Each structure stands twice: as structure tokens, then as C-alpha cells.
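Undergrad: Right, I'll just put the structure down here and ask away after.
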Amino acid sequence: MKLPTRSLLSFCFVLLFAFSASAQKKKDYTKYVNPFIGTGGHGHTYPGAVVPFGMVQLSPDTRLTGWDGCSGYYDSDTTVYGFSHTHLSGTGIADYCDVLFMPTTGEPKFKNTDYLSGFKKKNEVATPGYYKTHLDKYNIDVELTASTRVGVHRYSFPSTKEANIIIDLQHRDEVLDSWIEVVNDHEIRGYRRSSSWATDQTLYFYAKFSKSFKTYGIAANDALQTGKNKEQGKNIKMYIQFENPGEVISKVGISSVSAEGALKNLDTEVPDFDFKKVQRDAKALWIDQLAKIEVEGGAPGASAQQVPQNTQDPNAGYNSRNGVRKLPQAQKKQPVIDYVKQKHTIFYTALYHAMLAPNIYSDVDGQYRGMDQKVHKAEGFNYYTVFSLWDTYRAEDPLLNLIDRKRTLDFIKSFLAMYEQGGLLPIWPLASNETYCMVGNHSIPVIVDAYAKGIRDFNAEEAFTAMKAAVNRNQFGMDSYRKNGVVLSDDEHESVSKTLEYAFDDWCIAQMAKMLNKPQDYAEFIKRAQYWKNNFNDQNGFMQARANGGWYTPFEPTEINSNYTEGNSWQYSFLAPQDIEGLAERMGGRQKFEAKLDELFTTDSKLSGRQQDDVSGLIGQYAHGNEPSHHMAYLYNFTDAPEKTQLYISRILREEYSDKPDGLSGNEDCGQMSAWYVMSSLGIYNIAPGQQQFQIGIPQFDKAVINLENGKKFTITNPGASLSRANIYLQGMNLNKKTYNKLYLNYADVANGGDFEVLTGKLPNSLFVQGLEKPSSKITDSLIVSDPYIIAPSKTFKQTIKVEIKAADKNAKIYYTTDGTAPIVSSTLYTAPFEVSHNTTIKTVAIEGGKSSFTVTGTFTKIRDDIKLTLVNKYLPNYADQGDNTLINGIRGKANWRIGNWQGYQGNDVVALIDLQQVKPVKQVSFGALQDSRSWIVFPKQVEYYTSDDGVHYKLAATIYTKVDVKDLEPQTQDFTATLNTGTRYIKVIAKQYGALPEWHESKGSPSYIFADEIVVE
């Protein structure tokens, strides 16, 4: 049939439109996502139903306590308590798991040990936005899905007259208050205020059910309350019961604001009971998000469709270089691993995990509970919570700056709202509580990186003011940092880590000042960005704590101790990403810097010091399981051996990630561990957010397309990605079809779209990579003079000691005083070591070119030689302080036990004998102790003092009891002082242990510690 011309044109237009729509349809990468990755090992992820960055994370709870129960779920568990509506992804501290629903049959039970059920791993299914399991105890199928603010349950009950849903508001955290109310036979609502990591969390919920329940019961303290439709208290639970319902769908909206807000969220997002529709919508959201990055290929010699399924030969398939098919070896018994699918599974699960947090916290109408615990309204943006900023500023946030800029803008607006309502930019905000977890002020690099990359639709002046306020407050050693140019270990624990993180934050502020044309602020903060130099010991090449004017000793770079945050000196000695070239110079130049990196990755030295499970994923002393190491493999790009970046990035990607439940080498940490994988697989990584340069690593896929929000695409191709499962190396690069000769890409190169082609081979091409332009990371403005350091045998002494003073800046002159005055150029010029024979305070500065370092102070105390101390019971080696003379060295400990000057005892009383050498009049004697009950350190119940003239026969002279209850959680010191007014030669001091920690303590039953610091005889 011949169509009229107009009809023919219309028909062609329809075909063209249909073709265009089909061409624009996004690929479905959800099939590659395995939510069980990270649920084993120490990944701490959960497998439940959630949409990207959703407020609701509806997931099974299988574990209530322990470090590996932080998310509420662990892969090896075989019992489930129920299904709660909020969960944290990969954190190292437990919280959430709010409002638990559990379907049961038979007589309703209220204790979780009674209503829990077994389940089998083979019956679990998890895909993005959907989870399914079978409750063996009750023969109930459970399916879960979710929208942003609503969790939807579908329970398939067996035939029974007693089909129940238990709702447990006591589950998991300490409950401060709660209530639940039956609205009608289809609806309930409730409230829960709890305390855990977030010390004051408020959550409302509203639940509707697809079928009417025939009866219900509310329990307070596990006892049914007859005839009540509402109950309030700290242990509130209820059941609703259906008669032979078959399938029941429950949909639960949550809100931090009100029950009405939860209802509005519920009715807006899930207006009906179409479970499949919610599931489809959730999947569609994930399809849209995961398609932001599209990868192809990336396995040895095969594509996903080409891998033979009946051979063990992993290289069977089409050779990507010459098209020749390699035939499988004959008579193989096991199927080959599909390496393409495996790599795609790891990649897209990583991208999925990177999109689980932060979480939307505002309701559909914009209302949210702010940091002041008042209700506010977000105008024109979504308000978020759960920012693991110490982790995510390194890779997660730079990734989102590329692929989710609108959401990044919402994050920054959330930060500013937190500042306005709480007076501080967030550090680790959770449910509108500031947890103050981890070190640094790392909302700052997130804001600066976004601003530097063109995300600017926020109040930059307010943000700048907030940044300065954050770093100029007197908290967590920041006053010590500003006063001394370094956080002193005498003042604050984890001092090295804090100095290094503060210095990076200050560098970010300097960059913001430059962008806002604030030269005075720039000059101030670019100086502060160099304070890392004051932690760098030029004598050994490590970042080392500063103590008493010198270096903290004894020092072992493998030791995990209170000077570092979840790590040791190896894992912090390269943490100056804002000044890598300056760090290399301090280490002796590019070659020695490379050698130090080589030692980091190849040393066979083992971890020492205290147990720290976060320090995992070790390659040498590189610890991929924790974030401070994450930039280090890229630092070879600053050396003459950038092929080693390619070597170690390939190795880390291959060895520290897998598609198994234990496929993460450390905590997922709200997306950071996975974001590192995503960025590194693409072959680009931002070692210092705020810099415009992406380090070039080694792309892991034949093709990767980054679909940018501006409509452009940045395509990365590496035809050699399929060469080998082992290492591949750069052989050549082209950007937009032109030869490219740099080891970095500028952000604009990516943001403007284009094609980046990487040619790789199995062998390093040192000649090629050494000819490439190196990246830059160097501070050249307002250079500081590093603090000098005092070298002495000890801060206490009995005999005369010799003291040296040195400076890292070789041309600097050193001046010092010993009379307590501030040193200046007219003070004594240091030329040679000198002796100290009595109590002395040394103050010193280094001066070069008219610029001075900070004043460094060391105090050296002579131990009394008229008394002798004998310890009957030995102190713990980890808490030895200065050894046998600690309790009479004249140095008093502070309330923060982590900064030293304390001696620890556990399991035994402290029994000390004081010998005054001869009978002397004694007015009084005191024993100093510390209490920090959260850390198991408790004041002695009592301190007993005995006197003797012969050291054999003792009589009780006084007993002093503690004045502070163990429930007083404030860290504090106490002197147990006894008035003797007698003559004696020997004094026996016995400090009695408190004993086992009390029932209310989270570690009840464990033995407490006594921390002692000084015995003073007057």
C-alpha cells in the first residue's frame, strides 16, 4: 500500500523517535550487583533493600553485638531477628537498625530470643532495591523493597489462624523514649528516641497493611497491656495478628520530624500496595544511577559471552589482539571462572556501595530535624546525613563531583545548614547528631573540591567563614596545633594524624582563599598547610610524634599506638598530599622518596603495638583496609618509576577486592573503599581533593564511558585490559586522538568530554613513562622554618644528661634559653651539646632568612634521689610510661590517659614500697589515679597506707576511699591523700582494684584497670 506523503513523513518520524528512544535507553547493570559483597570479612555492609542514597535501608538483622555486627548483618549468621528500616553501610561503629518488624506464626512472643528464626543462605536473594529470604521456623517467605523514605515488606504466610507481625521498638540501641499507637485495623504509627553512636536520635514511623488485622496487643516491658491502643515507655513492643491472610504487604514510612511527616512520605511515595511496582521503580533508579559509568571487557582474552563454560583454561576465547581463538584444553572437570562477569560484578557492586550513603534525611515536604534538634525546612535541596568524611573525602566525594554534581551541591547545602544550626561544619554527622568521630575537619575538602570543579551555587562566603571557624576552635588539639605548628603528643592523643589531617584541611582553605581573592587568608593558611614538616623526623624519614621538645620515644614505625589514628607511622608518613614534592625533598630527593615507597610496599616487618583490626589489607606496611593509605600507590608518579604506580594499583585491585562476601579488605566506610575501586579501575585518582589533577593509574576495562551531567561523555579505552589477569603497564596514551604525554589528566579534560586512549602491555615501559610530564603537588608560597627538636636520653634523670638541639632546615641557626624566657636572636646560639644537671626548661627556635620557627619547649626533671621505689606487682608493658620510676618522677598525668604519663595495672592491685633511706618525719602521702570508665579505667576502691621502720613489720596508717562513683563517665584524676604526721622509713602503698566492670557497662564483667601516675611523700 502506498502511503500519502504526509503520512509517510509522520510514519518515518515515529520510527525515528522510537529508534532514538531505544538508543537512549540505559543499560541495566543491576544484574552485576551483588549486595552480599562486604557482608563477610570486616566489610560491615548489609544486603537489604535500598534506593540510591535512600533514607530507608530495609534489611535483615542477624547480629546484635560485636564489631562485625555494625550493620546488623553478617554473612555467616544463620538466624534472623527481624527486618529493621535503617542501617549503616560499612561503618566501624554500630548504630541504626530502627523499628524492627518480624513475621511469625502461633502465639506472639516479645523477646527476640523467642521470636527469632533460622534461615538458609541458599534461600537468600539480594539485588538492588530487593531482598528475599525464607524463615525456616515459621515457613514464611519474606520479600523487601523500598522507595526513598518508605520500606515495603511482603510476607507470604502458611495457612494459619495466627499470622503475626511483631514490631519491636526496643531492638538494638538504648531507648530513651518510645510510643506506639493503633490508628485502625490497617494502620499503626509510632515514635522512637534512642541513644547509641548518635546519642539522641529521633525517628517516627507510620505503617499501613494491605489486609486488616483481626487483633493486636501492646507490651510494655514485655508484658501485655490489656485494652490499650497506645503505650509509651522504654521497652515497647506490639503484635498484630491476621487470620489465614496468605500474603500481607506492609509499607512503612519514616521521618525524623513527626508521625504526620512519616505518613506524608508514605502516601506520597507508595500510595498503594503494589509491591512489584515499588520494586520496579527501585530497580529503575538503580539502572539510572549505575549507568553513569558504563564499562566493557576487561578480562583476559574474552568477553562475557565468549568464555567457555566447561574448561578451566581462563584464557580460552577470542584473543583481543589478533582475533585468533585459543582452544580450551581437553578433559577439564570444572567450569572456568567468567572473569568479565567477575570484574563487572566487583565494579558495579562497588559503584552501588558508593551510592548508598550519605542518606536523605528531609521529608518529601523538605522538613527535617536539624543539628539543634529543631525542625527546619530545606528549600530547594534535599538535606542529608551519614557523612563519613574522614573516609569519603579521599575518593567517594571526588567520584560524586564527577557523576552526581547536583547531589554534591545538596551535600554542601546540608553542611551549611548544620553550621547554621549547630555552629560547626560537620565532622561525622549521624541522624543530626555530631559524633565527632575520626580526626580532621573534612567537610572542608569536600566543599573546596566541589568549588574548584565548578559546583558553586551555594554561599561561598558563608562556607569560607565556617571553614575558618572549624579550624580555629580549641578542640581536639587544634589549639596546640596553632600554638606550636604541630599537635604535641604532650597535649593530645593521635597527635601525628591530627597534625597531618589539619594541615591538609588548611591547604584546602588556602585554595578557597585564593579562589575568593583573599590574599591575607591565603598567606596564613598556606603556612599552616606546611605544618606536616614539624612531624617529619629528617633523621629517620618518618612522621613521628613530638614530645617534650623532641621526638616521642621509643619509636618503632610499625607500632600502632596512641600517636596515630588507626595506624602506625608507615601508614602516615606519606600523608602530605598537598605537598608531595616537598615531602620527597625532606626524604632526600626523588630517588630516596621512591626507595621509601619501595620499602613501604615490600617490607616484611610485621605490625606491632596494640591490636587494631582496621589496619588490614596489608601489602608490606601499606594497609589498603584503612583510608590513610589510599593515595600512596599513586605517589610513584612523582618519581622516576611511575610504572610502579601501575604495578601496585593493578595488584591492589586484584588482591584486595573480590566478588565474595569477604571481598573488601576493610570496612566499606560509607562508600570510600568501593569508590577507590571505581576510580582506580577507570585509571584516574585525585590524591588531593581541591587539586585539579587526576593521577593516571592503569584503566582496567577495554572501555569505560563516564556519562557526565552536562550531557557529555568521557570515554577511556584500554584495548590491553584483556591481556592478562596479572599486571599491565602503560605503553602510550592519546587524548582526543592526539598523543598525550602527561602522567595526569586535568579535571577540565574529563569534564569537557572526550576520548582518552591508553595503550598497555604486559611489560613495564620505563623509557616511555619516564618521559612523561609528572604531576605537581608542591607548596612554594610563604615557606616556613621547621621547628627544631631537642635530643635527650629522657625527660627525667638521676645523673647529669647531655642535650642536643637540631633543625631540619640545614641553613637555620638555633637559639635557646634555659631560664624560661622566650628565645630570640640575641639568646644563646646553639653550637654544641650541653649538660643538664638540675630541673631545667629549655626553649629553642630555628631562624633562617629572618623567619623564625615556633618556640619549642622541653622540660627535664631530676628524680628525687632520697627515696627508692619498689613495685611488688608489675605494670602492664603496654602502659609502662617511663618504667620503674614512673610513680616518683615528678611528672603528673592529665585526664586524657592516651597522652601518657600513666602506668596501667589490670588483674592485680598496685603494691608499691617507698624507702626513704632513713626514718624521717612524714606529714602526708598521696597516690594519684585516673578514671575513664568508658575505657575500663576506674579509680581504686580504696588506697591503704602502711608504715614501717624495718621494712618487715608494717602497720596500717590510713585508708582513703574514692570520692567518685564508677558511673561518673567524665575522665578525671584524683589524689588519694592521707595525713600521717609520723616518723617512718618505709611506706607501703596498696591501691585496690575496683574489679569486674558493672552490669550497666557495655563490657560488663571484664576486669577494670588502675592507672597510676605519682606517689608524693611530703
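FYI, nothing fancy with the C-alpha cells labels: chains A, B, ... in order, residues from 1 per chain, ligands from 1 as they appear.
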Need the shell around segment 799-814 of chain A: protein/DNA/RNA residues with any atom at most 9 Å away, counting only C-alpha atoms. Skip same-chain ones fewer than 4 positions apart. Format as number ranges by chain?

TA: A: 533-534, 536-539, 550, 586, 785-794, 825, 828-838, 844-849, 852, 862-863

Undergrad: Output N, CA and C atoms for every residue in that selection, as a tab-separated table (two decimals), in the first residue's frame.

TA:
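And here is the file that came out, selection_19.tsv:
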```
chain	number	residue	atom	x	y	z
A	533	LYS	N	55.55	19.40	58.23
A	533	LYS	CA	57.01	19.34	58.33
A	533	LYS	C	57.47	19.19	59.77
A	534	ASN	N	56.67	19.67	60.70
A	534	ASN	CA	57.07	19.61	62.11
A	534	ASN	C	56.85	18.24	62.72
A	536	PHE	N	57.78	15.60	60.72
A	536	PHE	CA	58.67	14.76	59.91
A	536	PHE	C	60.06	14.75	60.52
A	537	ASN	N	60.51	13.58	60.92
A	537	ASN	CA	61.83	13.40	61.50
A	537	ASN	C	62.83	13.14	60.39
A	538	ASP	N	63.64	14.14	60.09
A	538	ASP	CA	64.59	14.01	58.98
A	538	ASP	C	65.69	12.99	59.27
A	539	GLN	N	65.80	12.58	60.53
A	539	GLN	CA	66.83	11.61	60.89
A	539	GLN	C	66.45	10.19	60.49
A	550	GLY	N	61.08	17.29	71.77
A	550	GLY	CA	61.81	16.43	70.85
A	550	GLY	C	60.89	15.43	70.19
A	586	ARG	N	62.26	16.42	51.61
A	586	ARG	CA	62.61	16.14	53.00
A	586	ARG	C	63.17	14.73	53.15
A	785	VAL	N	59.86	27.89	58.44
A	785	VAL	CA	61.04	27.28	59.03
A	785	VAL	C	60.55	26.21	60.01
A	786	SER	N	61.01	24.99	59.82
A	786	SER	CA	60.54	23.89	60.66
A	786	SER	C	60.99	24.06	62.11
A	787	ASP	N	60.20	23.50	63.01
A	787	ASP	CA	60.55	23.56	64.42
A	787	ASP	C	61.81	22.75	64.69
A	788	PRO	N	62.75	23.30	65.50
A	788	PRO	CA	63.90	22.48	65.91
A	788	PRO	C	63.44	21.39	66.87
A	789	TYR	N	64.33	20.48	67.18
A	789	TYR	CA	63.97	19.42	68.11
A	789	TYR	C	65.13	19.14	69.05
A	790	ILE	N	64.74	18.83	70.30
A	790	ILE	CA	65.70	18.57	71.37
A	790	ILE	C	65.92	17.07	71.48
A	791	ILE	N	67.19	16.68	71.57
A	791	ILE	CA	67.52	15.26	71.72
A	791	ILE	C	68.14	15.06	73.10
A	792	ALA	N	67.49	14.23	73.92
A	792	ALA	CA	67.98	13.95	75.28
A	792	ALA	C	67.66	12.50	75.61
A	793	PRO	N	68.43	11.89	76.51
A	793	PRO	CA	68.18	10.48	76.85
A	793	PRO	C	66.79	10.23	77.41
A	794	SER	N	66.28	11.21	78.18
A	794	SER	CA	64.98	11.05	78.82
A	794	SER	C	64.53	12.41	79.34
A	825	VAL	N	67.03	36.16	68.67
A	825	VAL	CA	68.35	36.14	68.02
A	825	VAL	C	69.48	36.57	68.95
A	828	THR	N	71.28	32.60	73.43
A	828	THR	CA	72.45	31.77	73.18
A	828	THR	C	72.33	31.03	71.85
A	829	LEU	N	73.34	31.15	71.01
A	829	LEU	CA	73.39	30.42	69.74
A	829	LEU	C	73.84	29.00	70.02
A	830	TYR	N	73.06	28.05	69.56
A	830	TYR	CA	73.43	26.66	69.79
A	830	TYR	C	74.58	26.28	68.85
A	831	THR	N	75.64	25.74	69.45
A	831	THR	CA	76.78	25.30	68.66
A	831	THR	C	77.21	23.87	68.98
A	832	ALA	N	76.86	23.40	70.18
A	832	ALA	CA	77.30	22.07	70.58
A	832	ALA	C	76.42	21.56	71.72
A	833	PRO	N	76.40	20.24	71.94
A	833	PRO	CA	75.62	19.69	73.05
A	833	PRO	C	76.06	20.29	74.39
A	834	PHE	N	75.11	20.35	75.33
A	834	PHE	CA	75.41	20.88	76.66
A	834	PHE	C	74.78	19.99	77.72
A	835	GLU	N	75.20	20.18	78.97
A	835	GLU	CA	74.77	19.31	80.05
A	835	GLU	C	73.65	19.95	80.86
A	836	VAL	N	72.78	19.07	81.38
A	836	VAL	CA	71.70	19.47	82.28
A	836	VAL	C	71.84	18.64	83.55
A	837	SER	N	71.92	19.29	84.69
A	837	SER	CA	72.15	18.58	85.95
A	837	SER	C	71.07	18.82	86.99
A	838	HIS	N	70.13	19.73	86.70
A	838	HIS	CA	69.05	20.00	87.64
A	838	HIS	C	67.77	20.27	86.85
A	844	THR	N	63.69	26.80	72.60
A	844	THR	CA	64.55	26.97	71.45
A	844	THR	C	63.76	27.31	70.20
A	845	VAL	N	64.41	28.05	69.28
A	845	VAL	CA	63.83	28.37	67.98
A	845	VAL	C	64.88	28.16	66.91
A	846	ALA	N	64.38	27.98	65.67
A	846	ALA	CA	65.26	27.96	64.50
A	846	ALA	C	64.93	29.18	63.65
A	847	ILE	N	65.96	29.90	63.19
A	847	ILE	CA	65.76	31.13	62.43
A	847	ILE	C	66.56	31.05	61.14
A	848	GLU	N	65.90	31.39	60.05
A	848	GLU	CA	66.57	31.39	58.75
A	848	GLU	C	65.98	32.50	57.89
A	849	GLY	N	66.84	33.33	57.33
A	849	GLY	CA	66.38	34.39	56.44
A	849	GLY	C	65.41	35.34	57.10
A	852	SER	N	61.31	32.85	61.65
A	852	SER	CA	61.52	32.02	62.83
A	852	SER	C	60.53	30.87	62.86
A	862	LYS	N	64.74	16.23	87.38
A	862	LYS	CA	65.62	15.32	88.13
A	862	LYS	C	64.80	14.54	89.15
A	863	ILE	N	64.93	13.23	89.10
A	863	ILE	CA	64.20	12.36	90.02
A	863	ILE	C	64.82	12.44	91.41
```

Undergrad: Name the residues in contact with Lys31 of chain A at a cut-off of 12 Å, using only C-alpha atoms, excluding same-chain residues fewer than 4 positions from it; report them as a list of chain:residue names.

TA: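 Within the cut-off, the hits are A:Lys27, A:Pro35, A:Ala126, A:Thr127, A:Pro128, A:Gly129, A:Lys283, A:Trp286, A:Ile287, A:Leu290, A:Lys341, A:Gln342, A:His344, A:Thr345, A:Ile346, A:Phe347, A:Tyr348, A:Thr349, A:Tyr352.
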
Undergrad: Which polymer residues have any atom within 10 Å of an atom of segment 511-518 of chain A, counting only C-alpha atoms, with same-chain residues fewer than 2 positions away left out, as a PyMOL selection string?

TA: chain A and resi 444-445+447-449+451-452+460-461+463-464+467+505-509+520-526+690-691

Undergrad: Can you work out the spacing between atom CA of Phe797 of chain A and atom CA of Gly858 of chain A in Å, to one decimal?

TA: 13.5 Å

Undergrad: For segment 370-376 of chain A, find every residue with an atom within 9 Å (counting only C-alpha atoms), except residues of its own chain fewer than 3 positions away, and show them as a list of chain:residue names.

TA: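 Selected residues are A:Asp200, A:Thr202, A:Ser256, A:Val257, A:Gly366, A:Gln367, A:Ala417, A:Met418, A:Tyr419, A:Glu420, A:Gln421, A:Gly422, A:Gly423, A:Pro429, A:Ala431, A:Ser432, A:Asn433, A:Glu434.
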
Undergrad: Mind checking DSSP for segment 420-501 of chain A and telling me the alpha helix (DSSP H) residues as a PyMOL selection string?

TA: chain A and resi 420-422+443-452+460-471+478-484+495-501

Undergrad: Mind giving me the straight-line distance from atom CA of Gln700 of chain A to atom CA of Phe593 of chain A in Å, one decimal?

TA: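 About the pair atom CA of Gln700 of chain A and atom CA of Phe593 of chain A: they are 27.0 Å apart.
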
Undergrad: At a cut-off of 10 Å, using only C-alpha atoms, what residues contact Leu653 of chain A? Leave out same-chain residues fewer than 2 positions from it and give the result as a PyMOL selection string.

TA: chain A and resi 343+346+648-651+655-658+676-678+680-681+700

Undergrad: Keeping N, CA and C atoms for every residue in the selection just given, could you write it to a file as a short mmCIF file (atom, residue, chain, number, x, y, z; two decimals), in the first residue's frame?

TA:
```
data_model
loop_
_atom_site.label_atom_id
_atom_site.label_comp_id
_atom_site.auth_asym_id
_atom_site.auth_seq_id
_atom_site.Cartn_x
_atom_site.Cartn_y
_atom_site.Cartn_z
N LYS A 343 34.74 -9.28 37.11
CA LYS A 343 35.23 -7.90 37.22
C LYS A 343 34.08 -6.91 37.17
N ILE A 346 32.38 -6.95 40.59
CA ILE A 346 33.11 -6.18 41.59
C ILE A 346 32.93 -4.69 41.31
N TYR A 648 51.36 -1.49 41.36
CA TYR A 648 50.69 -1.67 42.65
C TYR A 648 49.20 -1.40 42.56
N ILE A 649 48.78 -0.49 41.68
CA ILE A 649 47.33 -0.31 41.51
C ILE A 649 46.70 -1.59 40.99
N SER A 650 47.32 -2.21 39.97
CA SER A 650 46.79 -3.47 39.45
C SER A 650 46.76 -4.54 40.54
N ARG A 651 47.80 -4.58 41.34
CA ARG A 651 47.87 -5.60 42.39
C ARG A 651 46.81 -5.38 43.45
N GLU A 655 44.05 -8.05 44.35
CA GLU A 655 44.21 -8.82 45.58
C GLU A 655 43.29 -8.38 46.72
N GLU A 656 42.91 -7.11 46.73
CA GLU A 656 42.17 -6.58 47.88
C GLU A 656 40.67 -6.50 47.66
N TYR A 657 40.20 -6.94 46.50
CA TYR A 657 38.77 -6.95 46.19
C TYR A 657 38.42 -8.28 45.52
N SER A 658 37.22 -8.77 45.80
CA SER A 658 36.73 -9.97 45.12
C SER A 658 35.21 -9.90 45.07
N TRP A 676 37.24 3.96 45.80
CA TRP A 676 38.63 3.78 45.39
C TRP A 676 38.71 2.78 44.24
N TYR A 677 37.96 1.70 44.36
CA TYR A 677 37.97 0.70 43.30
C TYR A 677 37.44 1.27 41.99
N VAL A 678 36.35 2.01 42.07
CA VAL A 678 35.75 2.59 40.86
C VAL A 678 36.73 3.53 40.19
N SER A 680 40.00 3.89 40.60
CA SER A 680 41.24 3.25 40.17
C SER A 680 41.03 2.33 38.98
N SER A 681 39.85 1.72 38.88
CA SER A 681 39.55 0.89 37.71
C SER A 681 39.42 1.74 36.45
N GLN A 700 41.29 -0.52 33.86
CA GLN A 700 41.12 -1.96 33.99
C GLN A 700 40.11 -2.56 33.02
#
```

Undergrad: Closest to Lys712 of chain A among A:Leu402, A:Ile899, A:Val919, A:Val911, using only C-alpha atoms?

TA: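 Answer, going by the shortest atom-to-atom distance: A:Leu402.
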
Undergrad: Between atom CA of Pro699 of chain A and atom CA of Met679 of chain A, measure the distance and give it in Å to one decimal.

TA: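 Between atom CA of Pro699 of chain A and atom CA of Met679 of chain A the gap is 9.1 Å.
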
Undergrad: With distances taken over only C-alpha atoms, which residue among A:Val50, A:Gly246, A:Lys161, A:Glu174 lies nearest Asp141 of chain A?

TA: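 Comparing A:Val50, A:Gly246, A:Lys161, A:Glu174 against Asp141 of chain A, the winner is A:Gly246.
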
Undergrad: Show me, as a list in words, the residues that have an atom within 7 Å of Ala721 of chain A when counting only C-alpha atoms, minus same-chain residues fewer than 2 positions from it.

TA: Gly298, Ala299, Gln700, Phe701, Asp702, Asn718, Pro719 and Leu723 of chain A

Undergrad: Just checking: using only C-alpha atoms, which residue out of A:Gln692, A:Asn686, A:Gln611, A:Ser926 ends up closest to Tyr634 of chain A?

TA: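 Closest residue, counting only C-alpha atoms: A:Asn686.
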
Undergrad: Out of segment 284-507 of chain A, which residues get strand (DSSP E) from DSSP, as a list in words?

TA: Ile293, Glu294, Val295, Glu296, Gly317, Tyr318, Arg325, Lys326, Asn359, Ile360, Gln367, Tyr368, Arg369, Val375, His376, Lys377, Tyr384, Thr385, Pro429, Leu430, Asn433 and Glu434 of chain A

Undergrad: Would you mind exporting the chosen residues as a short mmCIF file (atom, residue, chain, number, x, y, z; two decimals), in the first residue's frame, restricted to C-alpha atoms?

TA:
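again_27.cif, written as the output of this step:
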```
data_model
loop_
_atom_site.label_atom_id
_atom_site.label_comp_id
_atom_site.auth_asym_id
_atom_site.auth_seq_id
_atom_site.Cartn_x
_atom_site.Cartn_y
_atom_site.Cartn_z
CA ILE A 293 29.59 4.77 34.24
CA GLU A 294 29.49 2.07 31.56
CA VAL A 295 32.30 -0.44 31.29
CA GLU A 296 33.03 -3.15 28.77
CA GLY A 317 38.18 -17.48 23.99
CA TYR A 318 38.95 -14.78 21.46
CA ARG A 325 40.66 -18.30 19.10
CA LYS A 326 42.58 -20.25 21.69
CA ASN A 359 21.34 9.36 53.20
CA ILE A 360 18.49 11.75 52.54
CA GLN A 367 11.20 19.25 56.65
CA TYR A 368 13.99 17.68 58.71
CA ARG A 369 15.32 17.63 62.23
CA VAL A 375 12.53 21.15 62.84
CA HIS A 376 13.70 23.05 59.76
CA LYS A 377 12.74 23.07 56.10
CA TYR A 384 21.42 14.61 54.06
CA THR A 385 23.02 12.83 56.98
CA PRO A 429 27.13 13.66 61.44
CA LEU A 430 24.67 10.86 62.05
CA ASN A 433 23.94 14.28 65.85
CA GLU A 434 27.60 15.23 65.65
#
```

Undergrad: Can you tell me which residues surround Leu783 of chain A at a distance of at most 10 Å, considering only C-alpha atoms, apart from same-chain residues fewer than 6 positions away, and format the answer as an MDAnalysis selection string?

TA: chainID A and resid 523 526:530 851
